[in-house]
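Beneath this line is the structure, given in structure tokens, with notes to follow.
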Amino acid sequence: MASAAAAARSLPTRAPLLIRLLSPRRLAARTPRRFRCCCSAPAQPHRPGGRRLRGELRSRAMSNSTNSTVLAESVVAGSRGDVELLPFVNDKHGGVIVEMTTPMDPQLFSASLKASLLKWREQGIRGVWIKLPISLANLIQHAVEEGFWYHHAEETYLMLAYWLPATTHTLPVNATHRVGVGAFVMNDKREVLAVQEKSGVLRGLGVWKFPTGVVEPGEDINIGAVREVKEETGIDTEFVEVLAFRQSHKAFFDKSDLFFVCMLRPLSFDITKQESEIEAAQWMPVEEFAAQPFVKKHELVKYILDIGLAKVDKDYAGFSPILIKSAFTDKKSFFYMNRRDLDKASGSSTTQQND
């Protein structure tokens with residue numbers, strides 16, 4: 001009792017409020033009963049490029065963690081151990097994941113978080129992830145005050161991260177690339193499918209370009225290319241190959257960009273343009289398309305045209321998708337490869353696994 005009283009006297013001004021809030025009766029009324037948990041991305045080696053920022057984050061986390069430890073110890077002692085830890089699951093990399101789904105009193109959340117960090121540090125836990133939905137945005141400040149930083153955000157949630165050891169963190173960075181596709185589609189009349197866009201840098205310039213778009217989350221490249229052509233032009237197509245790809249940096253909101261050039265075979269020919277995004281769409285003679293000043297000036301478009309024609313007229317092989325199984329899960333994924341040359345080199349035919 002003496003040690004608990006001494007600890008309580010050492011608390012900041014609002015600590016008595018915390019102790020009162022955390023009485024067994026109040027805890028029973030306020031503690032949330034249901035939480036869901038998610039999986040985190042696998043840890044990756046530390047990259048030198050983020051050393052300065054990560055060092056600052058580590059310093060801030062270490063500074064805050066000292067205060068957090070002292071206060072958490074005092075709160076737990078003052079409430080006789082009645083502070084419950086935040087519900088969590090262990091990830092595969094020595095960390096824990098907390099997914100908040102139920103409203104919680106901010107002060108109670110703060111106290112539970114402090115106590116949780118203290119316990120996890122004692123257990124040798126390394127990374128801590130907290131997923132907060134928009135509806136619980138009022139808890140963000142309390143997590144940040146403990147040293148958490150923003151890792152990434154989506155439409156409905158914010159993911160916060162924290163590193164407990166006194167070392168530079170090795171948590172994986174947020175997604176670094178977005179994935180785009182461009183479609184080379186040619187009919188038997190040697191006409192390519194071309195569009196003019198209603199928005200973007202080419203709006204109102206009268207420039208004809210290949211259909212392009214961004215792959216959606218969880219969507220395969222080959223599926224995304226077929227979908228984009230259908231949405232923009234109404235043309236049904238069959239995916240043939242990835243002909244080439246380009247990587248660029250500092251593109252959309254400073255993210256890097258991977259752009260895959262895809263060869264598609266038309267299955268229909270009557271165009272129905274997308275009213276919201278496409279100004280015009282047509283089957284355009286390839287010579288007329290190539291004669292545009294924009295194509296002659298723009299190296300990427302010129303290469304797409306050259307590679308597409310090489311695939312149609314000459315001996316050019318791109319990358320075809322084959323379904324492969326993972327050694328770790330039951331999920332299948334597409335592996336893109338030059339199947340034709342592999343078959344030649346091995347003297348056999350590559351078999352696509354469909355079951």
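We name chains A, B, ... following the order of the structure tokens; residues begin at 1 in each chain, and ligands are numbered from 1 as shown.
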
Problem - Surrounding residues of Gln141 in chain A excluding itself and chain neighbours under 2 positions, 12 Å, only C-alpha atoms, as number ranges by chain - result: A: 106-107, 109-110, 132, 136-139, 143-150, 160

Exercise for the section: Run DSSP on the backbone of this structure and report the residues of range 120-226 of chain A it assigns to alpha helix (DSSP H), as a PyMOL selection string. Expected result: chain A and resi 120-122+140-145+221-226

Problem - Spatial neighbours of range 281-288 of chain A, 9 Å, only C-alpha atoms, chain gap at least 2 places, as a ChimeraX atom specification - result: /A:186-187,189-197,208,232-233,269,271-274,278-279,290-292,305

Problem - Shell around Ser112 in chain A at 8 Å using only C-alpha atoms, local window under 2 positions removed, as a PyMOL selection string - result: chain A and resi 83-86+108-110+114-116

Exercise for the section: Please provide as a ChimeraX atom specification all residues within 9 Å of range 219-225 of chain A, with the sequence filter that same-chain residues fewer than 3 positions apart are discarded (counting only C-alpha atoms). Expected result: /A:179-183,211-216,228-230,239-242,260-264,321,333-334

Keeping N, CA, C and O atoms, export the residues of the selection given above as an mmCIF file, in the first residue's frame.
data_model
loop_
_atom_site.group_PDB
_atom_site.id
_atom_site.type_symbol
_atom_site.label_atom_id
_atom_site.label_comp_id
_atom_site.auth_asym_id
_atom_site.auth_seq_id
_atom_site.Cartn_x
_atom_site.Cartn_y
_atom_site.Cartn_z
ATOM 1 N N VAL A 179 0.553 0.333 -59.493
ATOM 2 C CA VAL A 179 0.723 -0.465 -60.704
ATOM 3 C C VAL A 179 -0.270 0.004 -61.768
ATOM 4 O O VAL A 179 -1.477 0.033 -61.535
ATOM 5 N N GLY A 180 0.266 0.377 -62.928
ATOM 6 C CA GLY A 180 -0.556 0.793 -64.051
ATOM 7 C C GLY A 180 -0.413 -0.165 -65.218
ATOM 8 O O GLY A 180 0.547 -0.936 -65.307
ATOM 9 N N VAL A 181 -1.383 -0.117 -66.140
ATOM 10 C CA VAL A 181 -1.347 -0.964 -67.328
ATOM 11 C C VAL A 181 -1.690 -0.129 -68.558
ATOM 12 O O VAL A 181 -2.476 0.824 -68.488
ATOM 13 N N GLY A 182 -1.069 -0.482 -69.672
ATOM 14 C CA GLY A 182 -1.405 0.094 -70.966
ATOM 15 C C GLY A 182 -1.687 -1.042 -71.932
ATOM 16 O O GLY A 182 -1.025 -2.086 -71.889
ATOM 17 N N ALA A 183 -2.685 -0.871 -72.813
ATOM 18 C CA ALA A 183 -3.134 -1.978 -73.666
ATOM 19 C C ALA A 183 -2.858 -1.695 -75.142
ATOM 20 O O ALA A 183 -3.282 -0.660 -75.676
ATOM 21 N N PRO A 211 -5.343 2.797 -74.514
ATOM 22 C CA PRO A 211 -6.082 2.720 -73.239
ATOM 23 C C PRO A 211 -5.127 2.392 -72.093
ATOM 24 O O PRO A 211 -4.271 1.506 -72.219
ATOM 25 N N THR A 212 -5.275 3.109 -71.006
ATOM 26 C CA THR A 212 -4.420 2.892 -69.832
ATOM 27 C C THR A 212 -5.269 2.966 -68.573
ATOM 28 O O THR A 212 -6.401 3.444 -68.583
ATOM 29 N N GLY A 213 -4.707 2.501 -67.473
ATOM 30 C CA GLY A 213 -5.413 2.589 -66.200
ATOM 31 C C GLY A 213 -4.568 2.043 -65.071
ATOM 32 O O GLY A 213 -3.406 1.666 -65.261
ATOM 33 N N VAL A 214 -5.145 2.011 -63.887
ATOM 34 C CA VAL A 214 -4.455 1.550 -62.682
ATOM 35 C C VAL A 214 -5.093 0.255 -62.205
ATOM 36 O O VAL A 214 -6.323 0.128 -62.163
ATOM 37 N N VAL A 215 -4.262 -0.707 -61.856
ATOM 38 C CA VAL A 215 -4.733 -1.992 -61.336
ATOM 39 C C VAL A 215 -5.316 -1.780 -59.942
ATOM 40 O O VAL A 215 -4.744 -1.069 -59.114
ATOM 41 N N GLU A 216 -6.447 -2.378 -59.686
ATOM 42 C CA GLU A 216 -7.113 -2.234 -58.399
ATOM 43 C C GLU A 216 -6.466 -3.137 -57.348
ATOM 44 O O GLU A 216 -5.791 -4.117 -57.689
ATOM 45 N N GLU A 228 -9.739 -2.584 -67.897
ATOM 46 C CA GLU A 228 -9.593 -1.188 -68.306
ATOM 47 C C GLU A 228 -10.045 -0.966 -69.748
ATOM 48 O O GLU A 228 -10.707 0.021 -70.061
ATOM 49 N N VAL A 229 -9.692 -1.881 -70.644
ATOM 50 C CA VAL A 229 -10.110 -1.757 -72.044
ATOM 51 C C VAL A 229 -11.630 -1.842 -72.151
ATOM 52 O O VAL A 229 -12.264 -1.072 -72.885
ATOM 53 N N LYS A 230 -12.222 -2.757 -71.408
ATOM 54 C CA LYS A 230 -13.680 -2.907 -71.427
ATOM 55 C C LYS A 230 -14.362 -1.646 -70.908
ATOM 56 O O LYS A 230 -15.358 -1.166 -71.494
ATOM 57 N N PHE A 239 -6.365 -11.549 -72.909
ATOM 58 C CA PHE A 239 -4.984 -11.198 -72.582
ATOM 59 C C PHE A 239 -4.020 -12.135 -73.301
ATOM 60 O O PHE A 239 -4.217 -13.346 -73.317
ATOM 61 N N VAL A 240 -2.950 -11.556 -73.879
ATOM 62 C CA VAL A 240 -1.940 -12.348 -74.582
ATOM 63 C C VAL A 240 -0.640 -12.381 -73.790
ATOM 64 O O VAL A 240 -0.204 -13.439 -73.331
ATOM 65 N N GLU A 241 -0.008 -11.218 -73.620
ATOM 66 C CA GLU A 241 1.295 -11.161 -72.943
ATOM 67 C C GLU A 241 1.526 -9.783 -72.341
ATOM 68 O O GLU A 241 0.927 -8.789 -72.754
ATOM 69 N N VAL A 242 2.442 -9.748 -71.372
ATOM 70 C CA VAL A 242 3.084 -8.506 -70.970
ATOM 71 C C VAL A 242 4.262 -8.308 -71.916
ATOM 72 O O VAL A 242 5.164 -9.148 -71.975
ATOM 73 N N PHE A 260 2.863 -1.543 -66.873
ATOM 74 C CA PHE A 260 3.005 -2.752 -67.670
ATOM 75 C C PHE A 260 2.297 -2.591 -69.013
ATOM 76 O O PHE A 260 1.099 -2.277 -69.062
ATOM 77 N N VAL A 261 3.045 -2.805 -70.093
ATOM 78 C CA VAL A 261 2.495 -2.747 -71.450
ATOM 79 C C VAL A 261 1.984 -4.133 -71.809
ATOM 80 O O VAL A 261 2.749 -5.102 -71.817
ATOM 81 N N CYS A 262 0.688 -4.234 -72.102
ATOM 82 C CA CYS A 262 0.058 -5.532 -72.315
ATOM 83 C C CYS A 262 -0.482 -5.655 -73.738
ATOM 84 O O CYS A 262 -1.059 -4.722 -74.281
ATOM 85 N N MET A 263 -0.304 -6.843 -74.305
ATOM 86 C CA MET A 263 -0.869 -7.179 -75.613
ATOM 87 C C MET A 263 -2.184 -7.905 -75.378
ATOM 88 O O MET A 263 -2.240 -8.919 -74.673
ATOM 89 N N LEU A 264 -3.273 -7.363 -75.983
ATOM 90 C CA LEU A 264 -4.587 -7.977 -75.860
ATOM 91 C C LEU A 264 -5.134 -8.289 -77.247
ATOM 92 O O LEU A 264 -4.892 -7.545 -78.199
ATOM 93 N N PRO A 321 1.339 -15.221 -68.474
ATOM 94 C CA PRO A 321 1.048 -15.614 -67.090
ATOM 95 C C PRO A 321 0.767 -17.110 -66.965
ATOM 96 O O PRO A 321 0.045 -17.688 -67.773
ATOM 97 N N SER A 333 -0.916 -17.825 -57.591
ATOM 98 C CA SER A 333 -0.587 -16.512 -58.122
ATOM 99 C C SER A 333 -0.087 -16.663 -59.548
ATOM 100 O O SER A 333 0.270 -17.758 -59.984
ATOM 101 N N PHE A 334 -0.056 -15.545 -60.271
ATOM 102 C CA PHE A 334 0.422 -15.569 -61.641
ATOM 103 C C PHE A 334 1.923 -15.275 -61.680
ATOM 104 O O PHE A 334 2.404 -14.325 -61.066
#

Exercise for the section: Between CA of Arg126 in chain A and CA of His152 in chain A, measure the distance and give it in Å to one decimal. Expected result: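 Separation of CA of Arg126 in chain A and CA of His152 in chain A: 18.8 Å.
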
Handout entry: Straight-line distance linking CA of Thr176 in chain A with CA of Asp254 in chain A, stated in Å to one decimal
Key = 9.0 Å

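With distances restricted to only C-alpha atoms, A:Thr237 is the closest residue to Phe184 in chain A from A:Thr167, A:Asn338, A:Thr156, A:Thr237.
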
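Note that the spacing between CA of Phe259 in chain A and CA of Arg246 in chain A amounts to 5.1 Å.
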